[in-house]
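S.K.: Dropping a structure here in structure tokens format, bear with me for questions.
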Amino acid sequence: MGLTIGVDIGGTKIAAGVVDEEGNILSTHKVPTPGTPEGIVDAIASAVEGARAGHDIVGVGIGAAGYVNRQRSTVYFAPNIDWRNEPLKAEVEARTGLPVVVENDANAAAWGEYKFGGGKGHRNVICITLGTGLGGGIIIGNKLRRGHFGVAAEFGHIRMVPDGLLCGCGSQGCWEQYASGRALVRYAKQRANATPENAETLLALGDGTPDGIEGKHISMAARQGDRVAVDSYRELARWVGAGLADLASLFDPSAFIVGGGLSDEGELVLGPIRKSYKRWLVGGNWRPVADVLAARLGNKAGLVGAADLAREPDPIM
């Protein structure tokens with residue numbers, strides 16, 4: 001179909017990139033993320049216009065954090081933008097004159113990894129994104145599965161602990177409260193407060209107190225063997241692996257692809273996740289076990305995936 005543009009809406013910037021059919025990014029254009037919903041639509045159009053200069057573009061894919069309808073046109077609800085039943089496809093098409101599809105951002109990242117990254121060569125892949133929260137995507141039989149209403153794969157809001165920790169979604173005990181960047185920081189602060197003698201390296205990287213611990217400090221300290229930092233990663237991995245075991249019972253994929261900022265730590269986090277996954281997998285000693293693989297595209301996955309999904313046929317057909 002030719003070149004398409006993928007759009008990634010971030011908290012501070014909106015990035016648009018021209019992507020070819022092999023997943024290569026040929027050019028990008030970035031603009032600051034405005035503070036109003038209307039301004040964001042205008043900024044998306046501006047980023048698209050900046051990226052398309054000098055290229056013959058056949059479509060645009062937008063990755064939006066929120067619930068997107070099955071028709072890939074409307075954002076039902078976005079947690080970080082005041083979008084409620086936002087007709088984003090129509091609005092951006094009117095400003096750019098290009099065909100537009102809207103995808104959930106985690107779905108877009110999952111598709112990018114499936115086509116061009118860690119999932120390449122697999123037909124049945126479950127992707128999870130470990131960042132501030134926990135997102136995901138389902139690819140079964142080489143197709144992105146959105147569900148009947150378009151809002152499948154909100155893995156972060158599976159209730160893992162009845163009456164557990166309060167989640168930003170309003171529920172309690174959601175998986176992302178135990179398996180995410182926020183959870184990792186909470187584990188480290190709790191452990192450093194209880195046994196500061198085991199967190200000397202970790203505490204020294206911050207302001208010397210448990211409250212001063214940040215995610216980057218945990219990563220740095222774990223690589224230096226800090227006991228609290230390492231144990232915090234293990235606790236995170238325990239919850240991630242247990243959730244993957246549940247997803248294996250549902251989808252039976254050949255591979256899980258783990259992306260997001262936490263996956264950048266490589267085997268520090270992936271090794272314990274694999275161990276936990278096998279521990280909790282029902283019949284794990286007697287059945288084939290899916291691979292648990294690192295994502296490869298990094299923060300480009302959402303942009304590349306959204307661009308490629310702009311080439312995919314309407315899922316309603």
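Ligands are numbered from 1 in the order shown, residues from 1 within each chain, and chains are lettered A, B, ... in the order they appear in the structure tokens.
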Could you give me the residues within range 136-300 of chain A that DSSP places in alpha helix (DSSP H), as a PyMOL selection string?

M.R.: chain A and resi 181-194+200-205+215-223+227-251+267-280

S.K.: Might you pull out every residue within 7 Å of range 258-274 of chain A, with only C-alpha atoms counted and same-chain residues fewer than 4 positions away left off, and present them as a list in words?

M.R.: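 Answer for this query is Cys127, Ile128, Thr129, Leu130, Gly131, Gly181, Tyr233, Arg234, Ala237, Arg238, Val240, Gly241, Lys278, Val292, Leu293, Ala294 and Ala295 of chain A.
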
S.K.: Out of range 80-307 of chain A, which residues get strand (DSSP E or B) from DSSP, as a ChimeraX atom specification?

M.R.: /A:84-86,100-104,125-130,134-140,143-144,159,166,172,174,255-259,291-294

S.K.: Might you pull out every residue within 6 Å of range 75-86 of chain A, with only C-alpha atoms counted and same-chain residues fewer than 3 positions away left off, and present them as a PyMOL selection string?

M.R.: chain A and resi 66-68

S.K.: What does the file look like for those residues with N, CA and C atoms, as a PDB file, in the first residue's frame?

M.R.:
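Saved to out36.pdb:
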```pdb
ATOM      1  N   GLY A  66      -6.383   4.657  25.677  1.00  0.00           N
ATOM      2  CA  GLY A  66      -7.784   4.686  26.064  1.00  0.00           C
ATOM      3  C   GLY A  66      -8.561   3.588  25.364  1.00  0.00           C
ATOM      4  N   TYR A  67      -9.854   3.605  25.568  1.00  0.00           N
ATOM      5  CA  TYR A  67     -10.737   2.619  24.947  1.00  0.00           C
ATOM      6  C   TYR A  67     -11.169   3.126  23.576  1.00  0.00           C
ATOM      7  N   VAL A  68     -10.862   2.356  22.540  1.00  0.00           N
ATOM      8  CA  VAL A  68     -11.163   2.739  21.161  1.00  0.00           C
ATOM      9  C   VAL A  68     -12.201   1.763  20.607  1.00  0.00           C
TER      10      VAL A  68
END
```

S.K.: At most 12 Å is the cut-off: for each residue in range 253-310 of chain A with any atom that close to an atom of range 50-59 of chain A, write down the nearest atom pair and the distance in Å rounded to one decimal, counting only C-alpha atoms, chain first then increasing number, as JSON lines.

M.R.:
```
{"residue": "A:Ala306", "atom": "CA", "partner": "A:Gly59", "partner_atom": "CA", "distance": 10.4}
{"residue": "A:Ala307", "atom": "CA", "partner": "A:Gly59", "partner_atom": "CA", "distance": 7.9}
{"residue": "A:Asp308", "atom": "CA", "partner": "A:Gly59", "partner_atom": "CA", "distance": 9.5}
{"residue": "A:Leu309", "atom": "CA", "partner": "A:Gly59", "partner_atom": "CA", "distance": 9.6}
{"residue": "A:Ala310", "atom": "CA", "partner": "A:Gly59", "partner_atom": "CA", "distance": 6.0}
```

S.K.: How would the residues just picked look written out with all heavy atoms as a short mmCIF file (atom, residue, chain, number, x, y, z; two decimals), in the first residue's frame?

M.R.:
```cif
data_model
loop_
_atom_site.label_atom_id
_atom_site.label_comp_id
_atom_site.auth_asym_id
_atom_site.auth_seq_id
_atom_site.Cartn_x
_atom_site.Cartn_y
_atom_site.Cartn_z
N ALA A 306 1.18 1.47 14.89
CA ALA A 306 0.03 2.27 14.45
C ALA A 306 0.10 2.52 12.95
O ALA A 306 -0.92 2.45 12.24
CB ALA A 306 -0.01 3.59 15.22
N ALA A 307 1.30 2.82 12.45
CA ALA A 307 1.45 3.06 11.02
C ALA A 307 1.11 1.82 10.22
O ALA A 307 0.42 1.89 9.19
CB ALA A 307 2.88 3.51 10.71
N ASP A 308 1.57 0.66 10.68
CA ASP A 308 1.30 -0.56 9.93
C ASP A 308 -0.17 -0.95 10.00
O ASP A 308 -0.73 -1.47 9.02
CB ASP A 308 2.17 -1.70 10.47
CG ASP A 308 2.24 -2.86 9.50
OD1 ASP A 308 2.81 -2.68 8.41
OD2 ASP A 308 1.71 -3.94 9.82
N LEU A 309 -0.81 -0.69 11.13
CA LEU A 309 -2.24 -1.02 11.25
C LEU A 309 -3.10 -0.15 10.35
O LEU A 309 -4.23 -0.52 10.03
CB LEU A 309 -2.68 -0.91 12.71
CG LEU A 309 -2.24 -2.07 13.60
CD1 LEU A 309 -2.41 -1.72 15.07
CD2 LEU A 309 -2.99 -3.34 13.27
N ALA A 310 -2.57 0.99 9.93
CA ALA A 310 -3.31 1.82 8.96
C ALA A 310 -3.44 1.11 7.62
O ALA A 310 -4.29 1.48 6.81
CB ALA A 310 -2.61 3.17 8.79
#
```

S.K.: Taking only C-alpha atoms into account, name the residue in A:Ala110, A:Leu247, A:Leu297, A:Ala45 that is nearest to Ile158 in chain A.

M.R.: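 The answer is A:Leu247, which sits nearest to Ile158 in chain A.
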
S.K.: Just the residues within 9 Å of Gly173 in chain A, please, counting only C-alpha atoms, with nothing from its chain fewer than 2 positions along; format it as a list in words.

M.R.: His157, Ile158, Arg159, Met160, Val161, Pro162, Asp163, Gly164, Leu165, Leu166, Cys167, Ser171, Trp175, Glu176, Gln177 and Tyr178 of chain A

S.K.: Could you save those same residues with N, CA and C atoms as a JSON list (two decimals), in the first residue's frame?

M.R.:
```
[["chain", "number", "residue", "atom", "x", "y", "z"],
["A", 157, "HIS", "N", -6.08, -4.33, 34.15],
["A", 157, "HIS", "CA", -7.24, -4.19, 35.04],
["A", 157, "HIS", "C", -7.95, -5.51, 35.28],
["A", 158, "ILE", "N", -7.23, -6.62, 35.04],
["A", 158, "ILE", "CA", -7.68, -7.91, 35.57],
["A", 158, "ILE", "C", -7.51, -7.86, 37.08],
["A", 159, "ARG", "N", -8.52, -8.28, 37.80],
["A", 159, "ARG", "CA", -8.44, -8.23, 39.27],
["A", 159, "ARG", "C", -7.67, -9.45, 39.77],
["A", 160, "MET", "N", -6.48, -9.20, 40.26],
["A", 160, "MET", "CA", -5.62, -10.27, 40.76],
["A", 160, "MET", "C", -5.84, -10.53, 42.25],
["A", 161, "VAL", "N", -6.22, -9.49, 42.99],
["A", 161, "VAL", "CA", -6.37, -9.61, 44.44],
["A", 161, "VAL", "C", -7.74, -9.06, 44.83],
["A", 162, "PRO", "N", -8.68, -9.91, 45.23],
["A", 162, "PRO", "CA", -9.98, -9.42, 45.66],
["A", 162, "PRO", "C", -9.83, -8.40, 46.80],
["A", 163, "ASP", "N", -10.49, -7.25, 46.65],
["A", 163, "ASP", "CA", -10.43, -6.19, 47.66],
["A", 163, "ASP", "C", -8.99, -5.74, 47.92],
["A", 164, "GLY", "N", -8.17, -5.78, 46.87],
["A", 164, "GLY", "CA", -6.77, -5.39, 47.01],
["A", 164, "GLY", "C", -6.58, -3.89, 46.89],
["A", 165, "LEU", "N", -5.40, -3.51, 46.44],
["A", 165, "LEU", "CA", -5.05, -2.09, 46.36],
["A", 165, "LEU", "C", -5.97, -1.35, 45.40],
["A", 166, "LEU", "N", -6.31, -0.12, 45.77],
["A", 166, "LEU", "CA", -7.16, 0.71, 44.92],
["A", 166, "LEU", "C", -6.41, 1.10, 43.66],
["A", 167, "CYS", "N", -7.07, 0.95, 42.52],
["A", 167, "CYS", "CA", -6.48, 1.28, 41.23],
["A", 167, "CYS", "C", -7.05, 2.59, 40.73],
["A", 171, "SER", "N", -11.34, 0.40, 40.48],
["A", 171, "SER", "CA", -11.49, -0.94, 41.02],
["A", 171, "SER", "C", -10.40, -1.20, 42.06],
["A", 175, "TRP", "N", -4.20, -5.98, 38.32],
["A", 175, "TRP", "CA", -2.86, -6.53, 38.09],
["A", 175, "TRP", "C", -1.80, -5.44, 38.05],
["A", 176, "GLU", "N", -2.08, -4.30, 37.46],
["A", 176, "GLU", "CA", -1.05, -3.28, 37.33],
["A", 176, "GLU", "C", -0.66, -2.65, 38.66],
["A", 177, "GLN", "N", -1.48, -2.85, 39.69],
["A", 177, "GLN", "CA", -1.10, -2.37, 41.01],
["A", 177, "GLN", "C", 0.01, -3.22, 41.63],
["A", 178, "TYR", "N", 0.26, -4.39, 41.04],
["A", 178, "TYR", "CA", 1.27, -5.31, 41.55],
["A", 178, "TYR", "C", 2.38, -5.60, 40.53]]
```

S.K.: Looking at A:Ile218, A:Ala290, A:Val101, A:Gly10, which one is nearest to Arg182 in chain A, with distances taken over only C-alpha atoms?

M.R.: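 Using only C-alpha atoms, the shortest distance to Arg182 in chain A belongs to A:Ile218.
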
S.K.: Neighbours of Ile126 in chain A within 12 Å (only C-alpha atoms; same-chain residues fewer than 2 positions away dropped), as number ranges by chain?

M.R.: A: 106-107, 109-111, 113-114, 118-119, 122-124, 128-129, 135-145, 153-155, 243-259, 290-293, 295
